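Asks: Dropping in protein23.txt, with compact mmCIF, C-alpha atoms.
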```txt
# COMPACT_ATOMS: atom_id res chain seq x y z
CA MET A 1 -0.90 9.40 -4.42
CA ALA A 2 -4.20 7.62 -4.94
CA GLN A 3 -6.02 10.66 -3.60
CA GLY A 4 -4.22 12.94 -6.05
CA LEU A 5 -5.09 10.69 -8.97
CA SER A 6 -8.72 10.47 -7.83
CA LYS A 7 -9.03 14.25 -8.09
CA ILE A 8 -8.11 14.37 -11.79
CA LEU A 9 -9.44 11.03 -13.09
CA ASN A 10 -13.05 9.95 -13.41
CA PRO A 11 -14.25 6.84 -11.54
CA ASP A 12 -14.14 4.79 -14.74
CA GLU A 13 -10.54 5.89 -15.38
CA LEU A 14 -8.96 4.76 -12.10
CA SER A 15 -8.90 1.53 -10.14
CA ILE A 16 -6.85 1.28 -6.96
CA ILE A 17 -5.55 -2.20 -6.17
CA VAL A 18 -4.68 -2.60 -2.50
CA ASN A 19 -2.48 -5.03 -0.61
CA THR A 20 -4.38 -7.30 1.81
CA ALA A 21 -1.44 -9.32 3.13
CA ASP A 22 -1.38 -7.04 6.17
CA ASP A 23 -4.94 -8.10 7.09
CA PHE A 24 -5.34 -9.89 10.39
CA GLU A 25 -7.84 -10.75 13.10
CA TYR A 26 -7.73 -8.77 16.31
CA LEU A 27 -10.23 -8.86 19.18
CA GLY A 28 -12.37 -11.08 16.96
CA LEU A 29 -12.51 -8.43 14.23
CA TYR A 30 -11.22 -8.64 10.66
CA ILE A 31 -8.83 -5.70 10.18
CA SER A 32 -7.73 -4.48 6.72
CA PRO A 33 -5.19 -1.73 7.47
CA ASP A 34 -4.17 -0.87 3.91
CA ILE A 35 -7.72 -0.87 2.57
CA ASP A 36 -8.88 1.37 5.41
CA THR A 37 -6.01 3.83 4.98
CA VAL A 38 -6.73 4.15 1.26
CA CYS A 39 -10.50 4.45 1.75
CA TYR A 40 -10.33 6.92 4.62
CA THR A 41 -7.93 9.05 2.58
CA LEU A 42 -10.16 9.03 -0.50
CA ALA A 43 -13.16 9.89 1.67
CA GLY A 44 -11.34 12.80 3.31
CA MET A 45 -11.62 11.09 6.70
CA ALA A 46 -8.00 10.12 7.31
CA ASN A 47 -6.00 11.37 10.25
CA PRO A 48 -3.14 13.38 8.69
CA ALA A 49 -1.17 13.45 11.94
CA THR A 50 -0.83 9.67 12.28
CA GLY A 51 -1.23 8.44 8.70
CA TRP A 52 -3.76 5.86 9.93
CA GLY A 53 -7.24 5.91 11.44
CA ILE A 54 -9.86 8.64 11.31
CA LYS A 55 -9.30 12.29 12.13
CA ASN A 56 -10.79 13.53 15.41
CA ASP A 57 -11.52 9.96 16.50
CA THR A 58 -11.69 9.07 20.19
CA PHE A 59 -10.35 6.01 22.01
CA PHE A 60 -12.72 5.44 24.93
CA THR A 61 -13.24 1.79 24.02
CA PHE A 62 -9.53 1.04 24.01
CA ASP A 63 -9.04 2.95 27.24
CA ALA A 64 -11.58 0.57 28.77
CA ILE A 65 -9.91 -2.48 27.18
CA LYS A 66 -6.60 -1.41 28.67
CA LYS A 67 -8.18 -1.14 32.12
CA LEU A 68 -9.45 -4.70 31.68
CA SER A 69 -5.89 -5.80 30.76
CA GLY A 70 -7.04 -6.75 27.26
CA PRO A 71 -4.77 -6.59 24.21
CA ASP A 72 -4.37 -2.94 23.30
CA TRP A 73 -1.16 -2.88 21.24
CA PHE A 74 -3.05 -2.22 17.98
CA LEU A 75 -5.02 0.94 18.61
CA LEU A 76 -8.45 1.34 17.02
CA GLY A 77 -10.52 4.48 17.38
CA ASP A 78 -14.18 4.43 18.39
CA ILE A 79 -15.44 5.52 14.96
CA ASP A 80 -12.89 3.31 13.22
CA LEU A 81 -14.21 0.32 15.16
CA ALA A 82 -17.54 0.62 13.37
CA THR A 83 -15.81 -0.16 10.06
CA HIS A 84 -14.25 -3.31 11.50
CA PHE A 85 -17.48 -4.45 13.15
CA GLU A 86 -19.40 -4.05 9.90
CA ARG A 87 -16.69 -5.65 7.75
CA THR A 88 -16.54 -8.65 10.10
CA ARG A 89 -20.34 -8.97 10.15
CA LEU A 90 -20.59 -8.89 6.35
CA LEU A 91 -17.74 -11.39 5.87
CA LYS A 92 -19.39 -13.78 8.34
CA ALA A 93 -22.62 -13.37 6.36
CA GLY A 94 -20.82 -14.82 3.34
CA LYS A 95 -19.81 -11.76 1.36
CA SER A 96 -16.34 -11.54 -0.19
CA LEU A 97 -13.80 -8.93 0.85
CA THR A 98 -14.31 -7.27 -2.55
CA GLU A 99 -18.06 -7.06 -1.99
CA VAL A 100 -17.62 -5.75 1.54
CA THR A 101 -15.15 -3.09 0.41
CA ARG A 102 -17.57 -1.96 -2.31
CA LEU A 103 -20.43 -1.70 0.18
CA LEU A 104 -18.38 0.26 2.71
CA ASN A 105 -17.06 2.59 0.03
CA ALA A 106 -20.61 3.39 -1.01
CA LYS A 107 -21.31 4.45 2.58
CA PHE A 108 -18.16 6.60 2.52
CA SER A 109 -19.26 8.15 -0.83
CA ILE A 110 -16.10 6.92 -2.57
CA LYS A 111 -16.68 6.84 -6.31
CA HIS A 112 -13.44 5.25 -7.53
CA HIS A 113 -12.88 1.50 -7.48
CA VAL A 114 -10.88 0.28 -4.48
CA LEU A 115 -10.03 -3.36 -5.10
CA PRO A 116 -8.59 -5.80 -2.55
CA MET A 117 -5.88 -7.80 -4.30
CA SER A 118 -7.50 -11.14 -3.35
CA ASN A 119 -10.52 -12.54 -1.58
CA GLN A 120 -8.35 -15.32 -0.11
CA ARG A 121 -6.16 -14.79 2.91
CA VAL A 122 -2.50 -13.99 2.34
CA SER A 123 -0.40 -13.08 5.37
CA THR A 124 2.96 -11.32 5.37
CA LEU A 125 5.36 -13.02 7.78
CA VAL A 126 8.60 -11.32 8.79
CA GLN A 127 11.59 -13.45 9.74
CA THR A 128 13.44 -11.48 12.42
CA LYS A 129 16.76 -12.02 14.15
CA GLU A 130 15.43 -11.46 17.67
CA TYR A 131 11.95 -13.03 17.66
CA GLY A 132 11.91 -15.48 14.78
CA VAL A 133 8.79 -15.28 12.62
CA LEU A 134 6.38 -12.42 13.35
CA SER A 135 3.16 -11.47 11.62
CA PHE A 136 3.57 -8.14 9.89
CA GLN A 137 1.43 -6.21 12.38
CA GLU A 138 3.34 -7.70 15.31
CA TYR A 139 6.58 -6.60 13.69
CA PHE A 140 5.31 -3.20 12.58
CA VAL A 141 3.05 -2.10 15.43
CA LYS A 142 3.66 -4.30 18.49
CA HIS A 143 7.46 -4.22 18.16
CA LYS A 144 7.56 -0.81 16.41
CA PHE A 145 9.59 -2.31 13.51
CA GLN A 146 12.73 -2.49 15.67
CA PRO A 147 13.60 -6.20 15.15
CA ILE A 148 16.20 -6.90 12.47
CA VAL A 149 14.56 -8.21 9.29
CA GLN A 150 16.07 -11.28 7.65
CA SER A 151 13.41 -12.21 5.07
CA PHE A 152 9.74 -12.08 4.15
CA LYS A 153 7.22 -14.80 3.38
CA PHE A 154 3.67 -14.51 2.07
CA GLU A 155 1.74 -17.32 3.71
CA GLY A 156 -1.17 -18.53 1.60
CA MET A 157 0.23 -17.15 -1.66
CA GLU A 158 0.36 -20.65 -3.18
CA THR A 159 -3.42 -20.99 -3.17
CA ALA A 160 -4.59 -17.36 -3.27
CA LYS A 161 -5.87 -15.91 -6.51
CA PRO A 162 -6.23 -12.30 -7.64
CA THR A 163 -9.85 -11.26 -7.86
CA LYS A 164 -11.62 -11.08 -11.20
CA ASP A 165 -11.94 -7.32 -10.75
CA VAL A 166 -8.18 -6.96 -10.22
CA VAL A 167 -7.33 -9.03 -13.29
CA GLU A 168 -9.77 -7.06 -15.43
CA ALA A 169 -8.53 -3.70 -14.13
CA LEU A 170 -4.91 -4.55 -14.90
CA SER A 171 -5.66 -6.21 -18.24
CA ASN A 172 -7.77 -3.29 -19.48
CA SER A 173 -5.47 -0.53 -18.24
CA ASP A 174 -3.49 1.85 -20.42
CA SER A 175 -0.87 2.16 -17.72
CA ILE A 176 -0.09 0.94 -14.23
CA ILE A 177 1.18 3.23 -11.49
CA ILE A 178 3.09 1.78 -8.55
CA CYS A 179 2.51 4.30 -5.79
CA PRO A 180 5.27 5.25 -3.31
CA SER A 181 4.64 2.27 -1.07
CA ASN A 182 6.96 -0.26 0.54
CA PRO A 183 8.02 -2.65 -2.24
CA PHE A 184 8.68 -5.56 0.14
CA VAL A 185 5.41 -5.63 2.08
CA SER A 186 2.91 -3.47 0.17
CA ILE A 187 3.67 -4.07 -3.52
CA ASP A 188 5.37 -7.49 -3.68
CA PRO A 189 2.31 -9.29 -2.22
CA ILE A 190 0.19 -7.93 -5.06
CA ILE A 191 2.57 -8.71 -7.91
CA SER A 192 3.30 -12.15 -6.43
CA LEU A 193 -0.27 -13.31 -7.00
CA ASN A 194 -0.60 -15.89 -9.73
CA GLY A 195 -0.55 -14.32 -13.20
CA LEU A 196 -0.31 -10.66 -12.20
CA ARG A 197 3.38 -10.11 -12.90
CA GLU A 198 2.89 -11.35 -16.45
CA ILE A 199 0.01 -8.91 -17.01
CA ILE A 200 1.94 -6.01 -15.51
CA GLN A 201 5.02 -6.70 -17.64
CA GLU A 202 2.94 -6.13 -20.77
CA LYS A 203 1.91 -2.63 -19.64
CA PHE A 204 3.60 0.76 -19.39
CA VAL A 205 4.47 0.87 -15.70
CA ILE A 206 5.33 4.03 -13.77
CA CYS A 207 6.72 3.90 -10.23
CA ILE A 208 7.12 6.68 -7.67
CA SER A 209 10.07 6.10 -5.38
CA PRO A 210 9.23 5.64 -1.69
CA ILE A 211 12.81 6.62 -0.81
CA VAL A 212 13.97 10.26 -0.70
CA GLY A 213 17.55 11.07 0.21
CA GLY A 214 18.08 7.56 1.53
CA LYS A 215 15.13 7.77 3.92
CA ALA A 216 11.66 6.26 3.71
CA VAL A 217 8.93 8.83 3.22
CA LYS A 218 6.87 6.81 5.69
CA GLY A 219 7.38 3.56 7.56
CA PRO A 220 10.34 1.17 7.94
CA LEU A 221 11.51 0.72 4.34
CA ASP A 222 14.92 2.34 4.83
CA LYS A 223 15.57 0.15 7.88
CA MET A 224 14.41 -2.95 5.96
CA PHE A 225 16.87 -2.22 3.17
CA GLU A 226 19.69 -1.79 5.67
CA ASP A 227 18.73 -4.92 7.63
CA LEU A 228 18.88 -6.91 4.39
CA GLY A 229 22.30 -5.49 3.52
CA ILE A 230 21.00 -3.25 0.74
CA LYS A 231 21.77 0.45 0.53
CA SER A 232 18.67 2.51 1.22
CA SER A 233 18.41 4.57 -1.94
CA ALA A 234 16.19 5.38 -4.89
CA ASN A 235 18.57 3.27 -6.97
CA SER A 236 17.78 0.23 -4.82
CA VAL A 237 14.08 0.78 -5.57
CA VAL A 238 14.91 0.81 -9.29
CA GLU A 239 16.86 -2.42 -8.93
CA HIS A 240 14.06 -4.05 -6.94
CA TYR A 241 11.57 -3.38 -9.73
CA ASN A 242 14.00 -4.12 -12.57
CA GLY A 243 12.19 -5.96 -15.37
CA LEU A 244 8.81 -4.73 -14.19
CA ILE A 245 8.81 -0.93 -14.50
CA ASP A 246 9.46 1.34 -17.48
CA PHE A 247 9.59 4.73 -15.77
CA ILE A 248 10.32 5.97 -12.26
CA PHE A 249 9.92 9.32 -10.59
CA ILE A 250 12.67 10.01 -8.07
CA ASP A 251 13.05 13.09 -5.93
CA ASN A 252 15.15 16.03 -7.07
CA ILE A 253 17.49 15.41 -4.13
CA ASP A 254 18.42 12.02 -5.63
CA LYS A 255 19.00 13.02 -9.25
CA GLU A 256 22.79 13.24 -8.85
CA GLU A 257 22.77 9.56 -7.85
CA TYR A 258 22.36 8.56 -11.48
CA LYS A 259 24.55 8.69 -14.53
CA ILE A 260 23.26 8.23 -18.05
CA SER A 261 25.12 4.92 -18.32
CA ASP A 262 23.35 3.58 -15.24
CA ARG A 263 19.83 4.04 -16.52
CA SER A 264 19.49 0.96 -18.69
CA SER A 265 16.03 0.86 -20.28
CA ILE A 266 14.22 2.40 -17.30
CA ILE A 267 13.43 6.09 -17.74
CA ILE A 268 14.30 8.03 -14.61
CA GLN A 269 12.86 11.50 -14.04
CA SER A 270 13.41 13.71 -11.02
CA THR A 271 10.75 15.95 -9.53
CA ASP A 272 9.38 16.86 -6.12
CA ILE A 273 7.83 13.58 -4.96
CA LEU A 274 7.11 14.62 -1.39
CA ILE A 275 3.33 14.99 -1.33
CA PRO A 276 2.20 15.86 2.22
CA ASP A 277 -0.96 17.73 1.17
CA LEU A 278 -3.68 17.59 -1.46
CA PRO A 279 -2.29 20.32 -3.78
CA SER A 280 1.07 18.53 -3.99
CA ARG A 281 -0.67 15.19 -4.61
CA VAL A 282 -2.70 16.65 -7.45
CA ARG A 283 0.40 18.30 -8.91
CA LEU A 284 2.33 15.01 -8.99
CA ALA A 285 -0.72 13.15 -10.31
CA LYS A 286 -0.88 15.58 -13.25
CA GLU A 287 2.81 15.01 -13.98
CA ILE A 288 2.22 11.25 -14.02
CA ILE A 289 -0.80 11.48 -16.30
CA ASN A 290 1.08 13.73 -18.70
CA ILE A 291 3.78 11.05 -19.05
CA ILE A 292 1.13 8.39 -19.67
CA LYS A 293 -0.57 10.51 -22.35
CA LYS A 294 2.71 10.77 -24.21
CA LYS A 295 3.12 6.98 -24.19
CA ILE A 296 -0.34 5.81 -25.22
```
Reformat the file's structure so that it appears as structure tokens.
Replies:
Amino acid sequence: MAQGLSKILNPDELSIIVNTADDFEYLGLYISPDIDTVCYTLAGMANPATGWGIKNDTFFTFDAIKKLSGPDWFLLGDIDLATHFERTRLLKAGKSLTEVTRLLNAKFSIKHHVLPMSNQRVSTLVQTKEYGVLSFQEYFVKHKFQPIVQSFKFEGMETAKPTKDVVEALSNSDSIIICPSNPFVSIDPIISLNGLREIIQEKFVICISPIVGGKAVKGPLDKMFEDLGIKSSANSVVEHYNGLIDFIFIDNIDKEEYKISDRSSIIIQSTDILIPDLPSRVRLAKEIINIIKKKI
């Protein structure tokens, strides 16, 4: 979705705020999975087959690590490793995560602003039935999101602050778009930062549902809903964001789920929200911008 918007909006018209609660240290390296996925996608480097990493990357280093019986459950490609080495080096040299992201984006020729939500560490912890508390990457990658989810906690949220760039981007925006990401672990960490929910509530907020026909477009969201005793549906996404969003795009397949009486004050519009390629991403981005133009 961010890629589609980047193709029709100028760099000064779009800022992309990214969750960093999935960040963790692995093999001594600072890994920022969400930032890297967004940046690689904007740079045209992303691997479309996996949804993570760099296309045509190789894994000789991790093959060697495996032979040495080192930890290899979180796979990093050889080219991808360069990003993590450089990020770790710059952070140890005293630069903030925001500064590091800006420097790396310049090397990737990314023109639009990609903003980490905070320069302080926040870590998503998943309370599971089988293993107790797991870090998000342990739950998601190491255990392949099979454990039953009972709750989420954002460790460090009490002291973390949104960056100045994030606050300014939200405060100065005409509209805020919540992309079709997991509300529990990709969006909630951002809006839970001190003061951000209040800023967002003052704006015209559009959301794109990450659920189509009861299934997650990508990742474990549908299973998370079910584990928590919530029906996996576009309606559950609406209820999750109730009081925060003004408008939501749902997929055409879900439009019969709603009756006029159910809509409350949230405007619900159906369209084709599956965006597997660039033309479809640009098409949906144009639909979103057209709605915003009518509201501002």
Asks: Compute the distance from (-0.1, -23.1, -0.2) to each atom, counting only C-alpha atoms, keep the residues with any atom at most 12 Å away, and return them as a PyMOL selection string; use the coordinates of the file.
Replies: chain A and resi 120-123+153-161+193-194
Asks: Mind dumping the selected residues with C-alpha atoms as a CSV table (one decimal), in the frame of the given file?
Replies:
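Dumped everything to again_14.csv:
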```csv
chain,number,residue,atom,x,y,z
A,120,GLN,CA,-8.4,-15.3,-0.1
A,121,ARG,CA,-6.2,-14.8,2.9
A,122,VAL,CA,-2.5,-14.0,2.3
A,123,SER,CA,-0.4,-13.1,5.4
A,153,LYS,CA,7.2,-14.8,3.4
A,154,PHE,CA,3.7,-14.5,2.1
A,155,GLU,CA,1.7,-17.3,3.7
A,156,GLY,CA,-1.2,-18.5,1.6
A,157,MET,CA,0.2,-17.2,-1.7
A,158,GLU,CA,0.4,-20.6,-3.2
A,159,THR,CA,-3.4,-21.0,-3.2
A,160,ALA,CA,-4.6,-17.4,-3.3
A,161,LYS,CA,-5.9,-15.9,-6.5
A,193,LEU,CA,-0.3,-13.3,-7.0
A,194,ASN,CA,-0.6,-15.9,-9.7
```
Asks: Measure the distance from atom CA of Leu91 of chain A to atom CA of Tyr30 of chain A in Å and round it to one decimal.
Replies: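 These atoms are spaced 8.5 Å apart.
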Asks: Give me the residues within 8 Å of Ile79 of chain A as a PyMOL selection string, counting only C-alpha atoms and dropping any in the same chain fewer than 2 places off.
Replies: chain A and resi 54+57-58+77+81-83
Asks: Taking only C-alpha atoms into account, name the residue in A:Asn172, A:Thr88, A:Thr124, A:Asn105 that is nearest to Ala43 of chain A.
Replies: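 For Ala43 of chain A, the nearest of the given residues is A:Asn105.
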Asks: Have a look at atom CA of Met1 of chain A and atom CA of Phe247 of chain A and let me know their distance in Å, one decimal.
Replies: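 Result for atom CA of Met1 of chain A versus atom CA of Phe247 of chain A: 16.1 Å, one decimal.
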Asks: Any idea what the distance is between atom CA of Lys255 of chain A and atom CA of Val237 of chain A?
Replies: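 Atom-to-atom, atom CA of Lys255 of chain A to atom CA of Val237 of chain A, that is 13.7 Å.
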Asks: When distances are computed from all atoms listed in the file, which of A:Ile176, A:Val212, A:Asp227, A:Ser186 shows the smallest separation from Asp272 of chain A?
Replies: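 Among A:Ile176, A:Val212, A:Asp227, A:Ser186, it is A:Val212 that comes nearest to Asp272 of chain A.
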Asks: Have a look at A:Asp246, A:Asp80, A:Asp251, A:Glu239 and name the one nearest to Cys207 of chain A; count only C-alpha atoms.
Replies: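 Between A:Asp246, A:Asp80, A:Asp251, A:Glu239, the residue approaching Cys207 of chain A most closely is A:Asp246.
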Asks: So, counting all atoms listed in the file, which residue among A:Leu115, A:Ala285, A:Ile268, A:Ile65 is closest to Leu27 of chain A?
Replies: A:Ile65
Asks: For Gly70 of chain A, work out the shell of residues within 12 Å, counting only C-alpha atoms and skipping chain neighbours fewer than 6 positions away, then give it as a compact mmCIF listing (two decimals) with C-alpha atoms, in the frame of the given file.
Replies:
```txt
# COMPACT_ATOMS: atom_id res chain seq x y z
CA TYR A 26 -7.73 -8.77 16.31
CA LEU A 27 -10.23 -8.86 19.18
CA THR A 61 -13.24 1.79 24.02
CA PHE A 62 -9.53 1.04 24.01
CA ASP A 63 -9.04 2.95 27.24
CA ALA A 64 -11.58 0.57 28.77
```
Asks: Determine, counting only C-alpha atoms, which protein, DNA and RNA residues have an atom within 12 Å of an atom of Ser280 of chain A; residues of the same chain fewer than 6 positions away are not included. Present the result as an NGL selection string.
Replies: :A and (1 or 3-5 or 7 or 271-274 or 286-287)
Asks: Which polymer residues have any atom within 10 Å of an atom of His143 of chain A, counting only C-alpha atoms, with same-chain residues fewer than 5 positions away left out, as a PyMOL selection string?
Replies: chain A and resi 73+131+134+136-138
Asks: Residues of segment 69-167 of chain A that have any atom at most 7 Å from an atom of segment 10-20 of chain A: could you tabulate them with the shortest-distance atom pair and the distance in Å to one decimal, using all atoms listed in the file, ordered by chain and increasing number, as a Markdown table?
Replies:
```
| residue | atom | partner | partner_atom | distance |
| --- | --- | --- | --- | --- |
| A:Lys111 | CA | A:Pro11 | CA | 5.8 |
| A:His112 | CA | A:Pro11 | CA | 4.4 |
| A:His113 | CA | A:Ser15 | CA | 4.8 |
| A:Val114 | CA | A:Ile16 | CA | 4.8 |
| A:Leu115 | CA | A:Ile17 | CA | 4.7 |
| A:Pro116 | CA | A:Val18 | CA | 5.1 |
| A:Met117 | CA | A:Val18 | CA | 5.6 |
| A:Val122 | CA | A:Thr20 | CA | 7.0 |
| A:Val166 | CA | A:Ile17 | CA | 6.8 |
```
Asks: Could you check which of A:Met224, A:Met45, A:Ile296, A:Ile31 is closest to Ser109 of chain A, using all atoms listed in the file?
Replies: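 Selected residue with least distance to Ser109 of chain A: A:Met45.
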Asks: Measuring atom to atom with all atoms listed in the file, identify which of A:Ser32, A:Ser175, A:Thr98, A:Thr41 is nearest to Asp277 of chain A.
Replies: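 Among the listed residues, the smallest separation from Asp277 of chain A belongs to A:Thr41.
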Asks: Compile the contact shell of segment 219-223 of chain A as a list in words: residues with an atom at most 8 Å away, counting all atoms listed in the file, same-chain residues fewer than 4 positions apart removed.
Replies: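 Final neighbour list, sorted by chain and number: Phe145, Asn182, Ile211, Gly214, Lys215, Asp227, Ser232 and Ser233 of chain A.
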Asks: Would you give the centre and edge lengths, in Å to one decimal, of a box along x, y and z around the listed atoms of segment 50-61 of chain A, with 4 Å added to each side, as lines of an AutoDock Vina configuration file?
Replies:
```
center_x = -7.0
center_y = 7.7
center_z = 16.8
size_x = 20.4
size_y = 19.7
size_z = 24.2
```
